[in-house]
Amino acid sequence: MANINTTLFLITFLVGIVLCSCTRDFKLDDQKQGKMWCVAKVSATNAQMQAFLDANCGTLDCRQINPGGSCFVPNTLRNHASYDLDLYYRINGVCNAAIGTPAVTDPSYGKCKYP
């Protein structure tokens, strides 16, 4: 009986951790080891990503994702939104939980360097 209770506790605990991490904004303070980035979730819709870009590129430096910028290619909404989400994360300390997710792997590629 103790093994069943322990197993149920562990399952409940792990599910709680997963749900907690998926439903709250990831804060820069949560970064305990190594560097973290904020990138677009696979589930983020085109409309959500475009709205985020529209709302934030007026105040953030989005030159790198504009034509001629080092992160313009590949010219996809997801890549541009990921770059913008990470800029927002660096400045405000929060990864937008609605469309962003923390990443431990550097999303930089080629000449495109994430901060």
# chains A, B, ... in the order shown; residues from 1 in each chain; ligands from 1
call {"tool": "residues_around", "arguments": {"residues": "Ala55 (chain A)", "least_positions_apart": "4", "cutoff": "12 Å", "atoms": "only C-alpha atoms", "output": "number ranges by chain"}}
result
A: 48-51, 59-60, 62, 81, 84-85, 88
call {"tool": "select_by_dssp", "arguments": {"residues": "region 44-99 of chain A", "states": "alpha helix (DSSP H)", "output": "VMD selection string"}}
result
chain A and resid 46 to 56 77 to 92
call {"tool": "select_by_dssp", "arguments": {"residues": "region 25-90 of chain A", "states": "strand (DSSP E)", "output": "ChimeraX atom specification"}}
result
/A:26-27,37-40
call {"tool": "write_last_selection", "arguments": {"atoms": "C-alpha atoms", "output": "compact mmCIF listing (two decimals), in the first residue's frame"}}
result
# COMPACT_ATOMS: atom_id res chain seq x y z
CA PHE A 26 8.58 32.25 -16.84
CA LYS A 27 10.63 34.90 -15.07
CA TRP A 37 15.90 31.98 -23.79
CA CYS A 38 12.23 32.53 -24.56
CA VAL A 39 10.95 31.16 -27.87
CA ALA A 40 7.55 30.74 -29.51
call {"tool": "residues_around", "arguments": {"residues": "Ser43 (chain A)", "least_positions_apart": "2", "cutoff": "10 Å", "atoms": "only C-alpha atoms", "output": "JSON, numbers by chain"}}
result
{"A": [40, 41, 45, 46, 48, 98, 99, 100]}
call {"tool": "residues_around", "arguments": {"residues": "Gly110 (chain A)", "least_positions_apart": "6", "cutoff": "10 Å", "atoms": "only C-alpha atoms", "output": "MDAnalysis selection string"}}
result
chainID A and resid 70:71 73
call {"tool": "write_last_selection", "arguments": {"atoms": "N, CA, C and O atoms", "output": "PDB file, in the first residue's frame"}}
result
ATOM      1  N   SER A  70      20.208  40.359 -39.493  1.00  0.00           N
ATOM      2  CA  SER A  70      20.892  39.068 -39.382  1.00  0.00           C
ATOM      3  C   SER A  70      19.954  37.909 -39.033  1.00  0.00           C
ATOM      4  O   SER A  70      20.311  36.751 -39.225  1.00  0.00           O
ATOM      5  N   CYS A  71      18.745  38.210 -38.541  1.00  0.00           N
ATOM      6  CA  CYS A  71      17.793  37.153 -38.179  1.00  0.00           C
ATOM      7  C   CYS A  71      16.545  37.160 -39.056  1.00  0.00           C
ATOM      8  O   CYS A  71      15.536  36.532 -38.730  1.00  0.00           O
ATOM      9  N   VAL A  73      16.254  35.895 -42.147  1.00  0.00           N
ATOM     10  CA  VAL A  73      16.135  34.588 -42.793  1.00  0.00           C
ATOM     11  C   VAL A  73      16.398  33.521 -41.744  1.00  0.00           C
ATOM     12  O   VAL A  73      17.382  33.626 -41.000  1.00  0.00           O
TER      13      VAL A  73
END
call {"tool": "residues_around", "arguments": {"residues": "Asn66 (chain A)", "least_positions_apart": "5", "cutoff": "9 Å", "atoms": "only C-alpha atoms", "output": "list in words"}}
result
Cys71, Phe72, Asn75 and His80 of chain A
call {"tool": "write_last_selection", "arguments": {"atoms": "all heavy atoms", "output": "PDB file, in the first residue's frame"}}
result
ATOM      1  N   CYS A  71      18.745  38.210 -38.541  1.00  0.00           N
ATOM      2  CA  CYS A  71      17.793  37.153 -38.179  1.00  0.00           C
ATOM      3  C   CYS A  71      16.545  37.160 -39.056  1.00  0.00           C
ATOM      4  O   CYS A  71      15.536  36.532 -38.730  1.00  0.00           O
ATOM      5  CB  CYS A  71      17.402  37.282 -36.708  1.00  0.00           C
ATOM      6  SG  CYS A  71      18.793  37.094 -35.581  1.00  0.00           S
ATOM      7  N   PHE A  72      16.603  37.885 -40.179  1.00  0.00           N
ATOM      8  CA  PHE A  72      15.440  37.935 -41.071  1.00  0.00           C
ATOM      9  C   PHE A  72      15.187  36.583 -41.742  1.00  0.00           C
ATOM     10  O   PHE A  72      14.055  36.153 -41.888  1.00  0.00           O
ATOM     11  CB  PHE A  72      15.623  39.024 -42.129  1.00  0.00           C
ATOM     12  CG  PHE A  72      14.478  39.113 -43.085  1.00  0.00           C
ATOM     13  CD1 PHE A  72      13.256  39.613 -42.669  1.00  0.00           C
ATOM     14  CD2 PHE A  72      14.602  38.687 -44.399  1.00  0.00           C
ATOM     15  CE1 PHE A  72      12.183  39.693 -43.546  1.00  0.00           C
ATOM     16  CE2 PHE A  72      13.544  38.765 -45.280  1.00  0.00           C
ATOM     17  CZ  PHE A  72      12.322  39.264 -44.855  1.00  0.00           C
ATOM     18  N   ASN A  75      12.616  33.709 -43.180  1.00  0.00           N
ATOM     19  CA  ASN A  75      11.552  34.687 -43.059  1.00  0.00           C
ATOM     20  C   ASN A  75      10.253  33.977 -42.697  1.00  0.00           C
ATOM     21  O   ASN A  75       9.370  33.806 -43.531  1.00  0.00           O
ATOM     22  CB  ASN A  75      11.409  35.467 -44.366  1.00  0.00           C
ATOM     23  CG  ASN A  75      10.362  36.560 -44.273  1.00  0.00           C
ATOM     24  OD1 ASN A  75       9.891  36.887 -43.197  1.00  0.00           O
ATOM     25  ND2 ASN A  75       9.992  37.095 -45.417  1.00  0.00           N
ATOM     26  N   HIS A  80      10.613  34.924 -36.346  1.00  0.00           N
ATOM     27  CA  HIS A  80      10.601  36.338 -35.977  1.00  0.00           C
ATOM     28  C   HIS A  80       9.957  36.534 -34.605  1.00  0.00           C
ATOM     29  O   HIS A  80      10.455  37.309 -33.789  1.00  0.00           O
ATOM     30  CB  HIS A  80       9.884  37.161 -37.035  1.00  0.00           C
ATOM     31  CG  HIS A  80      10.612  37.204 -38.337  1.00  0.00           C
ATOM     32  ND1 HIS A  80      10.125  37.869 -39.435  1.00  0.00           N
ATOM     33  CD2 HIS A  80      11.789  36.664 -38.735  1.00  0.00           C
ATOM     34  CE1 HIS A  80      10.973  37.745 -40.443  1.00  0.00           C
ATOM     35  NE2 HIS A  80      11.993  37.004 -40.032  1.00  0.00           N
TER      36      HIS A  80
END
call {"tool": "atom_distance", "arguments": {"atom1": "CA of Pro67 (chain A)", "atom2": "CA of Asp106 (chain A)"}}
result
22.5 Å
call {"tool": "atom_distance", "arguments": {"atom1": "CA of Gly93 (chain A)", "atom2": "CA of Pro74 (chain A)"}}
result
26.3 Å
call {"tool": "atom_distance", "arguments": {"atom1": "CA of Val94 (chain A)", "atom2": "CA of Phe52 (chain A)"}}
result
13.8 Å
call {"tool": "closest_residue", "arguments": {"among": "A:Ile91, A:Ala97, A:Ala103, A:Leu77", "to": "Ile65 (chain A)", "atoms": "only C-alpha atoms"}}
result
A:Leu77
call {"tool": "decode", "arguments": {"residues": "region 59-76 of chain A", "atoms": "N, CA, C and O atoms", "output": "PDB file, in the first residue's frame"}}
result
ATOM      1  N   THR A  59       8.293  49.161 -29.714  1.00  0.00           N
ATOM      2  CA  THR A  59       9.089  49.562 -28.548  1.00  0.00           C
ATOM      3  C   THR A  59      10.400  48.785 -28.434  1.00  0.00           C
ATOM      4  O   THR A  59      11.323  49.251 -27.784  1.00  0.00           O
ATOM      5  N   LEU A  60      10.477  47.620 -29.055  1.00  0.00           N
ATOM      6  CA  LEU A  60      11.709  46.823 -29.030  1.00  0.00           C
ATOM      7  C   LEU A  60      12.497  47.042 -30.320  1.00  0.00           C
ATOM      8  O   LEU A  60      11.941  47.436 -31.333  1.00  0.00           O
ATOM      9  N   ASP A  61      13.762  46.745 -30.279  1.00  0.00           N
ATOM     10  CA  ASP A  61      14.621  46.896 -31.452  1.00  0.00           C
ATOM     11  C   ASP A  61      14.504  45.650 -32.318  1.00  0.00           C
ATOM     12  O   ASP A  61      15.205  44.665 -32.111  1.00  0.00           O
ATOM     13  N   CYS A  62      13.621  45.692 -33.292  1.00  0.00           N
ATOM     14  CA  CYS A  62      13.360  44.543 -34.165  1.00  0.00           C
ATOM     15  C   CYS A  62      14.126  44.615 -35.477  1.00  0.00           C
ATOM     16  O   CYS A  62      13.794  43.912 -36.429  1.00  0.00           O
ATOM     17  N   ARG A  63      15.165  45.427 -35.545  1.00  0.00           N
ATOM     18  CA  ARG A  63      15.923  45.561 -36.793  1.00  0.00           C
ATOM     19  C   ARG A  63      16.479  44.226 -37.280  1.00  0.00           C
ATOM     20  O   ARG A  63      16.567  43.999 -38.484  1.00  0.00           O
ATOM     21  N   GLN A  64      16.855  43.344 -36.360  1.00  0.00           N
ATOM     22  CA  GLN A  64      17.470  42.073 -36.757  1.00  0.00           C
ATOM     23  C   GLN A  64      16.499  41.145 -37.487  1.00  0.00           C
ATOM     24  O   GLN A  64      16.927  40.256 -38.215  1.00  0.00           O
ATOM     25  N   ILE A  65      15.183  41.335 -37.290  1.00  0.00           N
ATOM     26  CA  ILE A  65      14.207  40.474 -37.971  1.00  0.00           C
ATOM     27  C   ILE A  65      13.540  41.177 -39.146  1.00  0.00           C
ATOM     28  O   ILE A  65      12.628  40.640 -39.761  1.00  0.00           O
ATOM     29  N   ASN A  66      14.020  42.373 -39.477  1.00  0.00           N
ATOM     30  CA  ASN A  66      13.551  43.091 -40.659  1.00  0.00           C
ATOM     31  C   ASN A  66      14.428  42.726 -41.848  1.00  0.00           C
ATOM     32  O   ASN A  66      15.541  42.224 -41.672  1.00  0.00           O
ATOM     33  N   PRO A  67      13.946  42.957 -43.080  1.00  0.00           N
ATOM     34  CA  PRO A  67      14.774  42.647 -44.252  1.00  0.00           C
ATOM     35  C   PRO A  67      16.172  43.247 -44.119  1.00  0.00           C
ATOM     36  O   PRO A  67      16.321  44.411 -43.746  1.00  0.00           O
ATOM     37  N   GLY A  68      17.174  42.419 -44.379  1.00  0.00           N
ATOM     38  CA  GLY A  68      18.560  42.843 -44.252  1.00  0.00           C
ATOM     39  C   GLY A  68      19.161  42.579 -42.884  1.00  0.00           C
ATOM     40  O   GLY A  68      20.367  42.640 -42.715  1.00  0.00           O
ATOM     41  N   GLY A  69      18.298  42.285 -41.898  1.00  0.00           N
ATOM     42  CA  GLY A  69      18.778  41.994 -40.547  1.00  0.00           C
ATOM     43  C   GLY A  69      19.354  40.587 -40.459  1.00  0.00           C
ATOM     44  O   GLY A  69      19.013  39.710 -41.255  1.00  0.00           O
ATOM     45  N   SER A  70      20.208  40.359 -39.493  1.00  0.00           N
ATOM     46  CA  SER A  70      20.892  39.068 -39.382  1.00  0.00           C
ATOM     47  C   SER A  70      19.954  37.909 -39.033  1.00  0.00           C
ATOM     48  O   SER A  70      20.311  36.751 -39.225  1.00  0.00           O
ATOM     49  N   CYS A  71      18.745  38.210 -38.541  1.00  0.00           N
ATOM     50  CA  CYS A  71      17.793  37.153 -38.179  1.00  0.00           C
ATOM     51  C   CYS A  71      16.545  37.160 -39.056  1.00  0.00           C
ATOM     52  O   CYS A  71      15.536  36.532 -38.730  1.00  0.00           O
ATOM     53  N   PHE A  72      16.603  37.885 -40.179  1.00  0.00           N
ATOM     54  CA  PHE A  72      15.440  37.935 -41.071  1.00  0.00           C
ATOM     55  C   PHE A  72      15.187  36.583 -41.742  1.00  0.00           C
ATOM     56  O   PHE A  72      14.055  36.153 -41.888  1.00  0.00           O
ATOM     57  N   VAL A  73      16.254  35.895 -42.147  1.00  0.00           N
ATOM     58  CA  VAL A  73      16.135  34.588 -42.793  1.00  0.00           C
ATOM     59  C   VAL A  73      16.398  33.521 -41.744  1.00  0.00           C
ATOM     60  O   VAL A  73      17.382  33.626 -41.000  1.00  0.00           O
ATOM     61  N   PRO A  74      15.543  32.516 -41.646  1.00  0.00           N
ATOM     62  CA  PRO A  74      14.383  32.269 -42.491  1.00  0.00           C
ATOM     63  C   PRO A  74      13.242  33.235 -42.156  1.00  0.00           C
ATOM     64  O   PRO A  74      12.991  33.523 -40.992  1.00  0.00           O
ATOM     65  N   ASN A  75      12.616  33.709 -43.180  1.00  0.00           N
ATOM     66  CA  ASN A  75      11.552  34.687 -43.059  1.00  0.00           C
ATOM     67  C   ASN A  75      10.253  33.977 -42.697  1.00  0.00           C
ATOM     68  O   ASN A  75       9.370  33.806 -43.531  1.00  0.00           O
ATOM     69  N   THR A  76      10.163  33.554 -41.441  1.00  0.00           N
ATOM     70  CA  THR A  76       8.940  32.905 -40.961  1.00  0.00           C
ATOM     71  C   THR A  76       8.428  33.652 -39.740  1.00  0.00           C
ATOM     72  O   THR A  76       9.211  34.233 -38.973  1.00  0.00           O
TER      73      THR A  76
END
